[in-house]
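Here the structure is laid out as structure tokens; the discussion comes afterwards.
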Amino acid sequence: MDNIIDISGLDKSFGRTRALDGLDLTVRPGEVHGFLGPNGAGKTTTIRVLLGLLRADAGTVRVLGGDPWREATELHRRLAYVPGDVTLWPNLSGGEVVDLLGRLRGGYDKKRRDELLKRFDLDPRKKGRAYSKGNRQKVGLVAALASDVELLVLDEPTSGLDPLMEEVFRECIEEERQRGRTVLLSSHILAEVEALCDRVSIIRKGRTVETGTLADLRHLTRTSISAELATTPVGLAELPGVHDLRVEGLRVRCEVEADALDTLLKHLASFGVRTLSSHPPTLEELFLRHYQDSPTEPVAAR
Amino acid sequence: MNAFVGTGALVRLILRRDRVLMPVWILLLSLTPVLLASSIKLAYPTAAGLAQYAAESRSNATFSMLYGQITVPTLGGMTFWRSATGMTFLALIALLTVVRHTRTEEEAGRRELVGATVVGRQASLAAALITTFAACLAVGVLVTLGLLTQHVPAGGAVIAGLAWTAAGWMFATVGAVAAQLTEGAGAARGLALTVLAVAFVLRAGGDANNTWLSWLSPLGWTYRADPFGSPRWWVFAAAAAVVAALGGSAMWLSGQRDLGAGFLPQRSGPADAGRGLRSAMGLAWRLQRGALLAWTTAFAVLGVIFGGVAKTTVDLFVKNERLGDVFQQLGGRAGMSDVFIAGMMSIAALIVSGYAISAALKLRTEEASLRSEPVLATTTGRFSWLSSHLVFAIVGPTVALTVCGLIAGLTYGASVSDIGRELPRVLGAALVQLPAVWLLAGLTVALFGLLPRLAQPLGWTALAVCLFLGQIGAVLRLGQALLDVSPFTHVPRVPAADLSAVPLLWLAGIAALLTAAGFVGFRRRDIPVT
């Protein structure tokens, strides 16, 4: 089966501002794909191009096998979108907006809509201007999740939701995955992406800097090791791929690149290991590296 | 006085935000009287000339209705009379400015951001009123100074300036009260505009036949201040009382309520969408039906007034012996009423163009607030979304003008006991205006498609230009080429003149072309442009 979303070399400028600069993104059928980047990295711009609202300056964009700019309305029948900041009509009730958007998409499941309203604890009778930000977000989410579509495009969907509701949202996405729907989830909340996503693309300044499964990405990064040894270690500093080494008597702490892990462990073992703890990098650390270190060259894991 | 802490800072914020807008309207409004004075002086250099100008104008009830009653046929008197519409515009701008800096801010959540700093409960309202009062005062002072350059009596010039300021101040406080009552800024504007409209209609109805009706309207007080005749000082005492009462009420209301809340109840809506709400068109209907209803009602009332005063006007004219000749030239009683009807309907057309433009600009509001985005991410195409609002910009004014024409025709026809003859003539006078109205709607759509960021300012500027050319273009003796810029210049003066189809077809054709340009532009451009 073809990719659900296939973007390569996407450029988009607004006047002199270059929002997207050769962006690549591939989303496979049935996966929950995390689309990560800091504010202003181009996530929303990319999504608007995917929806055919913005016209690409250069590059190819395919969504559900079609060109979003030319076949926007046909493709929109098969996808549902929740903007990052859901704005509602002040004089329409939440229930009316959910129904309207569902109908405009060409069909939704009324029973699932009612069930979702209950799960998200949303009062559908309130008028748009009476909802808080989180509740507006729920209106958008319920409308999208109740729709009968193949692809969900969610732009920072949990912004404004409380932790309880974030949990409900995670359950819902898990259900969507089980139904075989594809989800593109843009976010800068890492825990959310770690918990939900099969694969992740990280973008920065309009460019994709990493793509792959979380395992793939961790492969590219350092593991934190701390160990207590039987004898005083020597020669650790000379090992390749070991960073931030600190030796205090028998205690060792360091960071190690993935392909140097084996060598390090063998070396440590020769001094007699009493305790050892290692933890894989959190996405947080991945993220910090990408946005605080010097620019990383795009890594091929596509 | 804790409640007013931070007012100074908020005043500066308002001045910073309105640093272009405010000077522009202050200058435009305050220049009107001096421009009019110099052209009147040029056209009627002698006292006899002015007296004749006054006599002709007095006999025309359309003029009395629009500008009020003429008191003294001097340069100052005629200038104050002719520029009185400016006071209504100052009142309009003042109330919009106050709502813009109070309820709009509150609805957008910015008041909350500011309110959490060291800013008192009343500071926002106080700052909005202070700046608006200051701007209205500036207009008044400039009006006085402008008139002084034309060598009118100094005392009269000062009173004229005061009258302008009073109109602005009174309606600024109307805006302030309205902003306390409703939760939505749109509703607050609607409420304040309704008050202004009622005040204008009362004044217009009273001034058409010089009856007491005008005294019911605060706007009527300022129109009847008579600065160059025998000044009515008590008018200013009454205005001050209104300002104090409404301003005080607004402050009191603002002190009583919660942030973001209003006094008019906010009802909850249905849990499910009705059957009508299933398409872009259904959504546009929900968003635009209130305005359609309001405008149609207002134009029905306008129709009753037009139809009602048409006969009285002609009666007054016939009684005026001195004007017998003019009367005959204009084609007797029938000719006179035809001129009146054509004049009234061209005014109605300018007003309804405001509706056409605002209905078309709903597109822009929806886009800029990002509400169009989720709709356009459904199977709704760009064309059908654009069309759904365009329908209201085209059909809405058509409905309003048709209702106005029908009711004016029935009322006038009944008053002369000849509905069969008058109804189609009056209705025709209304309908003939439509292509020019559509042209302005089309222009707004073209701007929306091609220059979205400028759609709002340029759309309203176009209407302002038409108003300017139509209202004072002739008095200022602007060239025909300039007057021709306004589509309304080309509308045949039916029923006073013959119906000629050619200009109407041109206007409709240009309207269609502009609309098409808007569609093409919108199809090609990025969404949303914010």
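By order of appearance in the structure tokens: chains A, B, ..., then residues from 1 within every chain, and ligands from 1 in the order shown.
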
- Message: If the cut-off is 9 Å, can you tell me the residues of chain B near chain A, counting only C-alpha atoms? I'd like them as number ranges by chain.
- Response: B: 107, 183-184, 266-274, 277-280, 282-283, 286-287, 366, 369-371, 373-382, 524-528

- Item | Nearby residues (only C-alpha atoms) at most 10 Å from Ile394 (chain B), same-chain spacing under 6 positions excluded, as a PyMOL selection string | chain B and resi 353+355-357+359-360+434-435+437-442

Save out the residues we just selected, C-alpha atoms, as a PDB file, in the first residue's frame.
ATOM      1  CA  SER B 353     -24.202  49.553   0.567  1.00  0.00           C
ATOM      2  CA  TYR B 355     -24.716  46.335   4.627  1.00  0.00           C
ATOM      3  CA  ALA B 356     -23.492  44.868   1.327  1.00  0.00           C
ATOM      4  CA  ILE B 357     -19.874  45.607   2.226  1.00  0.00           C
ATOM      5  CA  ALA B 359     -21.836  41.106   4.567  1.00  0.00           C
ATOM      6  CA  ALA B 360     -19.012  40.569   2.062  1.00  0.00           C
ATOM      7  CA  LEU B 434     -29.203  47.801  -6.932  1.00  0.00           C
ATOM      8  CA  PRO B 435     -26.492  47.492  -9.612  1.00  0.00           C
ATOM      9  CA  VAL B 437     -24.852  48.535  -4.566  1.00  0.00           C
ATOM     10  CA  TRP B 438     -23.771  45.232  -6.112  1.00  0.00           C
ATOM     11  CA  LEU B 439     -20.745  46.960  -7.587  1.00  0.00           C
ATOM     12  CA  LEU B 440     -19.508  47.889  -4.117  1.00  0.00           C
ATOM     13  CA  ALA B 441     -20.173  44.336  -2.915  1.00  0.00           C
ATOM     14  CA  GLY B 442     -18.268  43.033  -5.952  1.00  0.00           C
TER      15      GLY B 442
END

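Note that the spacing between CA of Asp498 (chain B) and CA of Met345 (chain B) amounts to 15.4 Å.
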
- Message: Could you list, as a VMD selection string, every residue within 12 Å of Ala237 (chain B), counting only C-alpha atoms and ignoring same-chain residues fewer than 4 positions away?
- Response: chain B and resid 162 to 163 166 170 218 221 to 222 225 232 to 233 241 to 244

Output C-alpha atoms for every residue in the selection just made, as an mmCIF file, in the first residue's frame.
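Produced file part-v3.cif, reproduced below:
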data_model
loop_
_atom_site.group_PDB
_atom_site.id
_atom_site.type_symbol
_atom_site.label_atom_id
_atom_site.label_comp_id
_atom_site.auth_asym_id
_atom_site.auth_seq_id
_atom_site.Cartn_x
_atom_site.Cartn_y
_atom_site.Cartn_z
ATOM 1 C CA LEU B 162 -19.365 72.614 20.783
ATOM 2 C CA ALA B 163 -22.351 71.058 19.025
ATOM 3 C CA ALA B 166 -21.539 67.230 22.190
ATOM 4 C CA MET B 170 -23.205 61.693 23.976
ATOM 5 C CA PRO B 218 -30.158 63.865 21.322
ATOM 6 C CA TRP B 221 -30.514 68.875 19.968
ATOM 7 C CA THR B 222 -27.142 69.289 18.333
ATOM 8 C CA ALA B 225 -28.248 74.280 18.485
ATOM 9 C CA ARG B 232 -29.870 77.424 22.271
ATOM 10 C CA TRP B 233 -27.508 77.083 25.188
ATOM 11 C CA ALA B 241 -26.760 65.650 31.516
ATOM 12 C CA VAL B 242 -26.915 62.779 29.024
ATOM 13 C CA VAL B 243 -23.146 62.340 29.114
ATOM 14 C CA ALA B 244 -23.120 62.358 32.911
#

- Message: Just the number, please: distance in Å from CA of Leu261 (chain A) to CA of Ala195 (chain A), one decimal.
- Response: 25.5 Å

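Compared by their closest atoms to Leu268 (chain A), and using only C-alpha atoms, the residues A:Glu248, A:Lys133, A:Leu239, A:Leu214 rank with A:Leu239 nearest.
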
- Quick one: pick out all helix (DSSP H, G or I) residues within region 188-234 of chain A from a backbone DSSP run and write them as a ChimeraX atom specification. /A:190-196,214-219

- Query: If we count only C-alpha atoms, what is near Val183 (chain A) at a cut-off of 9 Å, once residues fewer than 3 positions away on the same chain are taken out, given as a PyMOL selection string?
  - Reply: chain A and resi 27+29-34+150-154+173+176-177+197

Keeping only C-alpha atoms, take the residues you just selected and write them out as an mmCIF file, in the first residue's frame.
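Saved as again-v4.cif:
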data_model
loop_
_atom_site.group_PDB
_atom_site.id
_atom_site.type_symbol
_atom_site.label_atom_id
_atom_site.label_comp_id
_atom_site.auth_asym_id
_atom_site.auth_seq_id
_atom_site.Cartn_x
_atom_site.Cartn_y
_atom_site.Cartn_z
ATOM 1 C CA VAL A 27 3.514 8.770 6.827
ATOM 2 C CA PRO A 29 -0.731 3.541 6.379
ATOM 3 C CA GLY A 30 -2.015 2.725 9.828
ATOM 4 C CA GLU A 31 0.715 4.445 11.784
ATOM 5 C CA VAL A 32 0.523 7.194 14.351
ATOM 6 C CA HIS A 33 3.179 9.607 13.194
ATOM 7 C CA GLY A 34 4.594 12.211 15.524
ATOM 8 C CA GLU A 150 -8.917 7.376 6.881
ATOM 9 C CA LEU A 151 -6.548 10.066 8.085
ATOM 10 C CA LEU A 152 -6.591 12.295 11.147
ATOM 11 C CA VAL A 153 -4.478 15.435 11.012
ATOM 12 C CA LEU A 154 -4.099 16.847 14.505
ATOM 13 C CA ILE A 173 -5.762 7.674 19.581
ATOM 14 C CA GLU A 176 -7.900 4.836 16.236
ATOM 15 C CA ARG A 177 -4.667 2.947 15.728
ATOM 16 C CA CYS A 197 3.631 7.435 18.109
#

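Shortest atom-to-atom contact with Ile203 (chain A) among A:Asp67, A:Asp121, A:Asp57, A:Asp21: A:Asp21, counting only C-alpha atoms.
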
- Check region 233-293 of chain A with DSSP on the backbone and list each residue it calls strand (DSSP E or B), as a ChimeraX atom specification. /A:242-248,251-257,273-279

- Task: Skip Ser277 (chain A) itself and residues of its chain fewer than 3 positions away, then list as number ranges by chain all residues within 8 Å of it, counting only C-alpha atoms.
- Result: A: 225-227

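Every protein or nucleic acid residue with an atom no more than 7 Å from Leu202 (chain B), counting only C-alpha atoms and leaving out same-chain residues fewer than 2 positions away, appears here: Val198, Ala199, Phe200, Ala204, Gly205, Gly206, Leu213, Ser214, Leu216 and Ser217 of chain B.
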
Please produce an output containing C-alpha atoms for each residue in the selection, written as a short mmCIF file (atom, residue, chain, number, x, y, z; two decimals), in the first residue's frame.
data_model
loop_
_atom_site.label_atom_id
_atom_site.label_comp_id
_atom_site.auth_asym_id
_atom_site.auth_seq_id
_atom_site.Cartn_x
_atom_site.Cartn_y
_atom_site.Cartn_z
CA VAL B 198 -33.42 55.67 16.23
CA ALA B 199 -32.01 59.06 17.20
CA PHE B 200 -31.30 59.83 13.54
CA ALA B 204 -34.98 63.21 10.36
CA GLY B 205 -38.70 62.67 10.80
CA GLY B 206 -39.02 65.78 12.95
CA LEU B 213 -40.25 64.95 17.02
CA SER B 214 -36.63 66.12 16.69
CA LEU B 216 -36.86 63.56 21.35
CA SER B 217 -33.50 62.85 19.76
#

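Using only C-alpha atoms, the shortest contact distance between Phe35 (chain A) and any of A:Ala19, A:Leu64, A:Val193, A:Leu145 is found at A:Val193.
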
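Counting only C-alpha atoms, the residue from B:Arg100, B:Arg523, B:Lys311, B:His490 that sits nearest to Ala508 (chain B) is B:His490.
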
- Would you work out the distance separating CA of Arg82 (chain B) from CA of Leu50 (chain B), expressed in Å to one decimal? 12.6 Å

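Distance check against Glu115 (chain A) using only C-alpha atoms: of A:Leu236, A:Ala143, A:Gly272, A:Asp24, the minimum falls on A:Ala143.
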